[in-house]
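Working notes for the structure below.
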Amino acid sequence: MVARVMNTRTACLVAAVQVLAGFVCAGSDITVYDAETIEAREQQLLESTVSNLPDVRAEVVRAVSYPALAPAWQPLDSNVYITLRECILWALERNLGLTISRYEPGIGWEKVRQQRSVFDPMFSMEFTWSGAKAPRVFKKTAPRGFSKTVVGNTRSDTIDWHGGIGGRFITGLEYGYRMGQSHTRVDEFGGLFNPSYRTYQEAYLTVPLLKNFGIDVNLAPVRIARNDWRISRVELDAAVQDLILEVTAAYWSLYYHREEAAAQEYTLQLAKELLKVNEAKVKVGMAAPLDVTQAKARIAAQEEQLLIARNAVRNAEDKLRALINFEMNELFLPRAMRRIQYHLVPLEKPVIVDMTHDEPTLIEQALQNQQVIAVAKLRMQNAREQLKVAKNQLLPEVNMIGSLGFEGVGDDYGHAYGDQWRGEHPRWSLGVEVSLPLFYNEPIAAYRQAKYASRQAELTIEQVRHTVAINVRTALRNVETNRKRIDATREAARFAREQLAAEQEKFKVGQSTTFDVLYYQDQLATALKNEIKALTDWRISLTQLYRTIGRAAAEYQIQIDEYLSVPASVTPRVVDAIWR
């Protein structure tokens, strides 16, 4: 995205200095426009606006900007004119909070893989070497027939190797296969083979018959993790929608504060003109010095309000700057190192468009698109999966176990394996194991908790539906009310301007007082601010309505598919259908 940087009529010298100095923003997001383009763009904006406010844009820029030619030790200021869509795209690209949230679906998908790993086969292997010197009592006989009892040692060495593979199916059946070999040597002949070589292989199964049996029970953790991953995707979508609303509110708030400062500047100029008139009348004896004092008091109050308005502009500018992450790193630099300070200026004005909204249709759209409803439904699915598991855990644990294996022995490994594969020494087992708690407190408590949580999840969906419907009605009323406020405040501003003009004419002929003129100036300032406030409130409430029905991004023609897709390295494949 490219931000448009243009200088106003009162800051044309800045643009000239930048061009003469060869100011180029290569590799950056800044584009400097020439004076003709700026004039054409500003004229287009002025012609497209529907507001009847006085054209005081140049005044407010002069009021809230630094001098065009600053000393060498001061940073050079430049106004960055940006549209609302550019701010939204910039925020989607750079906002740190949204960037952090984009990792949540990836984390959720890895949790799904982690739950699937329970069914992955596990390979194990063990290699050991052991030895011992066991005491041995024997008689030692001399050549002449003399004998005595002697305690000696019998040394034995054993080398064992065992390996196998095992795992669990999605039905709960546990399987395994293991094999191994051992080599034993004794320094005293004690058997048929010394050293002896032994081998074995064995397959075994554990089949749950009641507890932990079934696909639903064993796949419940995987399905819950998958739903959590889907929730993270939906919440990311909601975060995008919320950011669009937040950026829109900050954008139009900045517009309002700049126009408010313009209105303060306008009324300050009126107060100064009135002061000049009163001073001239005092000199010729047509007015009392009190009129000059009243005008000066009014100017002082207006200057205070103008300072407050300028500060509000800067605060609103910083809020928008933080949302779109615009030149934030420069805030950590010393002021002497900030050669250029950019000031964000809204390039758009609220354009009034008459719209017709059907309340039932909007509510239906909200019920289909609102992320909170999708999240509530996914949480209900998780609660039901947990209820299935808790219900299964009420059953006693009854497992059927069985194994079949073969052994072999010989004077080397070849003979031992040959003996094993001939099946001359089989071994087998078959049985049932049973375990159950004596009082069942823990499984019953877990089942009841899961049952209550499932019921809560069902009621939560209904509650969310009610909340969404109320929010749509509220947002729709706000749009309609603010639209009517625009017409009302516009008429009030027009009448206030006419009253002030009439009072000024009466003042010129001596039929009015300074106090009355100042009063109507104050009324005009209030009316102008009310009109600006109504315009911005209507624009923000319209975006709030779009957010309430879940299509804020679509209204600004923003595609956010790349925010919701799983990274290509972990995209589910065809085998993903097994886990559904």
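Each chain of the structure tokens is named A, B, ... in the order shown, its residues numbered from 1; ligands are numbered from 1 in display order.
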
For range 316-323 of chain A, please output as a count of residues only all residues within 10 Å (counting only C-alpha atoms; exclusion window: fewer than 3 positions along the same chain).
36

Mind checking DSSP for range 141-315 of chain A and telling me the helix (DSSP H, G or I) residues as a PyMOL selection string?
chain A and resi 215-283+289-315

Please dump the current selection as a compact mmCIF listing (two decimals), in the first residue's frame; keep C-alpha atoms.
```
# COMPACT_ATOMS: atom_id res chain seq x y z
CA ILE A 215 -14.27 -44.21 17.63
CA ASP A 216 -16.24 -41.32 19.16
CA VAL A 217 -14.49 -41.61 22.51
CA ASN A 218 -10.97 -41.95 21.14
CA LEU A 219 -11.35 -39.23 18.52
CA ALA A 220 -13.00 -36.74 20.89
CA PRO A 221 -9.68 -35.01 21.84
CA VAL A 222 -8.81 -34.67 18.14
CA ARG A 223 -12.22 -33.19 17.32
CA ILE A 224 -12.03 -30.79 20.25
CA ALA A 225 -8.59 -29.62 19.13
CA ARG A 226 -9.90 -29.20 15.59
CA ASN A 227 -12.81 -27.10 16.84
CA ASP A 228 -10.39 -24.99 18.89
CA TRP A 229 -8.39 -24.44 15.70
CA ARG A 230 -11.57 -23.37 13.90
CA ILE A 231 -12.40 -21.06 16.78
CA SER A 232 -8.99 -19.41 16.43
CA ARG A 233 -9.70 -18.83 12.72
CA VAL A 234 -13.10 -17.33 13.47
CA GLU A 235 -11.64 -15.15 16.23
CA LEU A 236 -8.98 -13.95 13.83
CA ASP A 237 -11.73 -12.97 11.41
CA ALA A 238 -13.45 -11.13 14.27
CA ALA A 239 -10.17 -9.39 15.13
CA VAL A 240 -9.91 -8.18 11.53
CA GLN A 241 -13.47 -6.86 11.64
CA ASP A 242 -12.83 -5.14 14.99
CA LEU A 243 -9.65 -3.56 13.66
CA ILE A 244 -11.52 -2.19 10.65
CA LEU A 245 -14.06 -0.62 12.98
CA GLU A 246 -11.35 0.74 15.26
CA VAL A 247 -9.41 2.26 12.36
CA THR A 248 -12.60 3.77 10.94
CA ALA A 249 -13.47 5.34 14.27
CA ALA A 250 -9.92 6.70 14.69
CA TYR A 251 -9.88 8.05 11.13
CA TRP A 252 -13.13 9.95 11.45
CA SER A 253 -12.24 11.05 14.97
CA LEU A 254 -9.10 12.65 13.57
CA TYR A 255 -11.21 14.27 10.87
CA TYR A 256 -13.60 15.62 13.51
CA HIS A 257 -10.87 17.08 15.69
CA ARG A 258 -9.20 18.76 12.71
CA GLU A 259 -12.51 20.28 11.63
CA GLU A 260 -13.21 21.28 15.23
CA ALA A 261 -9.87 23.08 15.31
CA ALA A 262 -10.83 24.75 12.04
CA ALA A 263 -14.10 25.92 13.59
CA GLN A 264 -12.23 27.29 16.61
CA GLU A 265 -9.84 29.09 14.29
CA TYR A 266 -12.78 30.51 12.35
CA THR A 267 -14.52 31.89 15.41
CA LEU A 268 -11.19 33.21 16.74
CA GLN A 269 -10.81 35.20 13.54
CA LEU A 270 -14.33 36.59 13.98
CA ALA A 271 -13.46 37.64 17.53
CA LYS A 272 -10.28 39.36 16.33
CA GLU A 273 -12.20 41.21 13.63
CA LEU A 274 -14.69 42.33 16.24
CA LEU A 275 -11.81 43.57 18.41
CA LYS A 276 -10.48 45.68 15.55
CA VAL A 277 -13.91 47.21 15.01
CA ASN A 278 -14.32 48.01 18.71
CA GLU A 279 -10.85 49.53 18.97
CA ALA A 280 -11.66 51.78 15.99
CA LYS A 281 -14.97 52.79 17.57
CA VAL A 282 -13.29 53.57 20.90
CA LYS A 283 -10.80 55.83 19.15
CA PRO A 289 -13.59 50.72 26.44
CA LEU A 290 -15.65 47.90 28.00
CA ASP A 291 -16.44 46.66 24.51
CA VAL A 292 -12.72 46.24 23.82
CA THR A 293 -12.28 44.38 27.11
CA GLN A 294 -15.12 42.02 26.28
CA ALA A 295 -13.63 41.29 22.86
CA LYS A 296 -10.18 40.62 24.36
CA ALA A 297 -11.69 38.30 26.94
CA ARG A 298 -13.46 36.43 24.17
CA ILE A 299 -10.20 36.14 22.19
CA ALA A 300 -8.39 34.75 25.25
CA ALA A 301 -11.10 32.14 25.77
CA GLN A 302 -11.04 31.23 22.06
CA GLU A 303 -7.26 30.86 22.10
CA GLU A 304 -7.57 28.47 25.04
CA GLN A 305 -10.15 26.42 23.18
CA LEU A 306 -7.94 26.43 20.09
CA LEU A 307 -4.99 25.08 22.11
CA ILE A 308 -7.22 22.31 23.45
CA ALA A 309 -8.46 21.52 19.94
CA ARG A 310 -4.89 21.36 18.57
CA ASN A 311 -3.90 19.01 21.36
CA ALA A 312 -6.92 16.81 20.57
CA VAL A 313 -5.78 16.70 16.92
CA ARG A 314 -2.36 15.44 17.97
CA ASN A 315 -3.87 12.84 20.31
```

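Distance-wise, CA of Ser156 in chain A and CA of Glu407 in chain A end up 21.5 Å apart.
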
Excluding same-chain residues fewer than 2 positions from Thr543 in chain A, what lies within 9 Å of it counting only C-alpha atoms, as number ranges by chain?
A: 244-245, 248-249, 538-541, 545-548, 552, 555

Between CA of Ser196 in chain A and CA of Asp160 in chain A, what is the distance, to one decimal in Å?
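Separating CA of Ser196 in chain A from CA of Asp160 in chain A is a distance of 12.0 Å.
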
Please provide the set of residues having any atom within 7 Å of Leu394 in chain A, restricted to only C-alpha atoms, with same-chain residues fewer than 2 positions apart removed, written as number ranges by chain.
A: 390-392, 396, 443-444

Per-residue DSSP, range 148-300 of chain A, filtered to strand (DSSP E), as a VMD selection string:
chain A and resid 148 to 168 174 to 186 196 to 208

Selection above as a file: N, CA and C atoms, as a tab-separated table (two decimals), in the first residue's frame:
```
chain	number	residue	atom	x	y	z
A	148	LYS	N	40.04	-80.42	50.01
A	148	LYS	CA	39.47	-79.42	50.91
A	148	LYS	C	38.39	-78.64	50.16
A	149	THR	N	37.49	-78.02	50.94
A	149	THR	CA	36.39	-77.23	50.37
A	149	THR	C	36.89	-75.81	50.07
A	150	VAL	N	36.59	-75.35	48.85
A	150	VAL	CA	37.04	-74.03	48.39
A	150	VAL	C	35.82	-73.24	47.87
A	151	VAL	N	35.79	-71.95	48.22
A	151	VAL	CA	34.75	-71.03	47.71
A	151	VAL	C	35.34	-70.24	46.55
A	152	GLY	N	34.75	-70.40	45.37
A	152	GLY	CA	35.22	-69.69	44.19
A	152	GLY	C	34.10	-68.86	43.54
A	153	ASN	N	34.29	-68.46	42.30
A	153	ASN	CA	33.33	-67.63	41.55
A	153	ASN	C	32.92	-68.31	40.26
A	154	THR	N	31.68	-68.11	39.96
A	154	THR	CA	31.19	-68.50	38.64
A	154	THR	C	30.81	-67.22	37.89
A	155	ARG	N	31.50	-66.90	36.88
A	155	ARG	CA	31.27	-65.65	36.13
A	155	ARG	C	30.32	-65.91	34.98
A	156	SER	N	29.37	-65.01	34.83
A	156	SER	CA	28.42	-65.10	33.72
A	156	SER	C	28.30	-63.74	33.03
A	157	ASP	N	28.16	-63.75	31.73
A	157	ASP	CA	27.97	-62.53	30.92
A	157	ASP	C	26.74	-62.73	30.06
A	158	THR	N	25.91	-61.67	30.01
A	158	THR	CA	24.68	-61.71	29.20
A	158	THR	C	24.58	-60.44	28.36
A	159	ILE	N	24.29	-60.61	27.10
A	159	ILE	CA	24.04	-59.49	26.19
A	159	ILE	C	22.62	-59.64	25.65
A	160	ASP	N	21.78	-58.64	25.95
A	160	ASP	CA	20.38	-58.68	25.56
A	160	ASP	C	20.07	-57.54	24.59
A	161	TRP	N	19.20	-57.84	23.63
A	161	TRP	CA	18.66	-56.82	22.72
A	161	TRP	C	17.17	-57.07	22.58
A	162	HIS	N	16.39	-56.00	22.80
A	162	HIS	CA	14.94	-56.09	22.68
A	162	HIS	C	14.45	-54.91	21.84
A	163	GLY	N	13.51	-55.14	21.01
A	163	GLY	CA	12.92	-54.09	20.19
A	163	GLY	C	11.48	-54.41	19.85
A	164	GLY	N	10.73	-53.38	19.50
A	164	GLY	CA	9.34	-53.62	19.16
A	164	GLY	C	8.66	-52.36	18.66
A	165	ILE	N	7.44	-52.53	18.22
A	165	ILE	CA	6.61	-51.43	17.75
A	165	ILE	C	5.20	-51.64	18.28
A	166	GLY	N	4.57	-50.56	18.71
A	166	GLY	CA	3.24	-50.65	19.28
A	166	GLY	C	2.47	-49.36	19.08
A	167	GLY	N	1.19	-49.44	19.29
A	167	GLY	CA	0.37	-48.25	19.12
A	167	GLY	C	-1.07	-48.53	19.48
A	168	ARG	N	-1.92	-47.57	19.07
A	168	ARG	CA	-3.34	-47.68	19.40
A	168	ARG	C	-4.15	-47.25	18.19
A	174	GLU	N	-5.26	-51.61	21.45
A	174	GLU	CA	-3.82	-51.42	21.55
A	174	GLU	C	-3.12	-52.65	21.01
A	175	TYR	N	-2.14	-52.45	20.20
A	175	TYR	CA	-1.42	-53.55	19.55
A	175	TYR	C	0.07	-53.38	19.78
A	176	GLY	N	0.79	-54.48	19.56
A	176	GLY	CA	2.23	-54.40	19.68
A	176	GLY	C	2.90	-55.66	19.17
A	177	TYR	N	4.12	-55.49	18.78
A	177	TYR	CA	4.95	-56.61	18.36
A	177	TYR	C	6.35	-56.34	18.89
A	178	ARG	N	6.93	-57.35	19.55
A	178	ARG	CA	8.27	-57.21	20.11
A	178	ARG	C	9.08	-58.46	19.81
A	179	MET	N	10.36	-58.26	19.73
A	179	MET	CA	11.28	-59.37	19.50
A	179	MET	C	12.60	-59.03	20.16
A	180	GLY	N	13.43	-60.07	20.34
A	180	GLY	CA	14.70	-59.83	20.98
A	180	GLY	C	15.59	-61.04	20.92
A	181	GLN	N	16.80	-60.87	21.39
A	181	GLN	CA	17.77	-61.95	21.45
A	181	GLN	C	18.71	-61.70	22.61
A	182	SER	N	19.32	-62.79	23.11
A	182	SER	CA	20.25	-62.69	24.24
A	182	SER	C	21.36	-63.72	24.07
A	183	HIS	N	22.50	-63.37	24.61
A	183	HIS	CA	23.69	-64.22	24.55
A	183	HIS	C	24.21	-64.36	25.98
A	184	THR	N	24.28	-65.60	26.46
A	184	THR	CA	24.72	-65.86	27.84
A	184	THR	C	25.91	-66.81	27.81
A	185	ARG	N	26.92	-66.45	28.60
A	185	ARG	CA	28.11	-67.29	28.72
A	185	ARG	C	28.47	-67.44	30.19
A	186	VAL	N	28.73	-68.70	30.58
A	186	VAL	CA	29.10	-69.02	31.96
A	186	VAL	C	30.43	-69.74	31.93
A	196	SER	N	25.17	-69.88	25.38
A	196	SER	CA	23.87	-70.17	24.79
A	196	SER	C	23.31	-68.92	24.13
A	197	TYR	N	22.53	-69.11	23.08
A	197	TYR	CA	21.92	-68.03	22.32
A	197	TYR	C	20.41	-68.25	22.32
A	198	ARG	N	19.69	-67.21	22.71
A	198	ARG	CA	18.23	-67.31	22.78
A	198	ARG	C	17.59	-66.18	21.96
A	199	THR	N	16.46	-66.47	21.34
A	199	THR	CA	15.68	-65.48	20.58
A	199	THR	C	14.21	-65.66	20.90
A	200	TYR	N	13.46	-64.58	20.64
A	200	TYR	CA	12.01	-64.68	20.83
A	200	TYR	C	11.33	-63.62	19.98
A	201	GLN	N	10.07	-63.82	19.70
A	201	GLN	CA	9.19	-62.84	19.07
A	201	GLN	C	7.79	-63.06	19.62
A	202	GLU	N	7.04	-61.92	19.74
A	202	GLU	CA	5.73	-62.00	20.37
A	202	GLU	C	4.85	-60.87	19.86
A	203	ALA	N	3.59	-61.17	19.60
A	203	ALA	CA	2.57	-60.18	19.26
A	203	ALA	C	1.51	-60.18	20.36
A	204	TYR	N	1.03	-59.00	20.70
A	204	TYR	CA	0.06	-58.91	21.79
A	204	TYR	C	-1.00	-57.87	21.44
A	205	LEU	N	-2.19	-58.03	22.00
A	205	LEU	CA	-3.33	-57.14	21.80
A	205	LEU	C	-4.01	-56.87	23.12
A	206	THR	N	-4.55	-55.62	23.25
A	206	THR	CA	-5.41	-55.28	24.38
A	206	THR	C	-6.66	-54.63	23.79
A	207	VAL	N	-7.78	-55.30	23.95
A	207	VAL	CA	-9.03	-54.84	23.35
A	207	VAL	C	-9.97	-54.37	24.44
A	208	PRO	N	-10.24	-53.04	24.51
A	208	PRO	CA	-11.23	-52.56	25.49
A	208	PRO	C	-12.63	-52.95	25.05
```

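The neighbours of range 365-374 of chain A here are the residues that come within 8 Å of it, using only C-alpha atoms and leaving out any residue fewer than 2 positions away in the same chain; they are Ile231, Val234, Glu235, Asp237, Ala238, Thr361, Leu362, Ile363, Ala376, Lys377, Leu378, Ile461, Val464, Arg465, Val468, Ala469, Val472, Thr548, Ile549, Gly550 and Arg551 of chain A.
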
Could you check the closest approach to Val409 in chain A for each of A:Arg490, A:Pro195, A:Ala502, A:Gln115 and tell me which residue wins, using only C-alpha atoms?
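For Val409 in chain A, the nearest of the candidates is A:Pro195.
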
Using only C-alpha atoms, which protein or nucleic acid residues come within 6 Å of Gln420 in chain A? Drop anything in the same chain fewer than 3 positions from it, and give the result as a ChimeraX atom specification.
/A:406-408,417,423

What does the structure give for the distance between CA of Gly405 in chain A and CA of Pro426 in chain A, in Å to one decimal?
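One can read the CA of Gly405 in chain A to CA of Pro426 in chain A distance as 5.8 Å.
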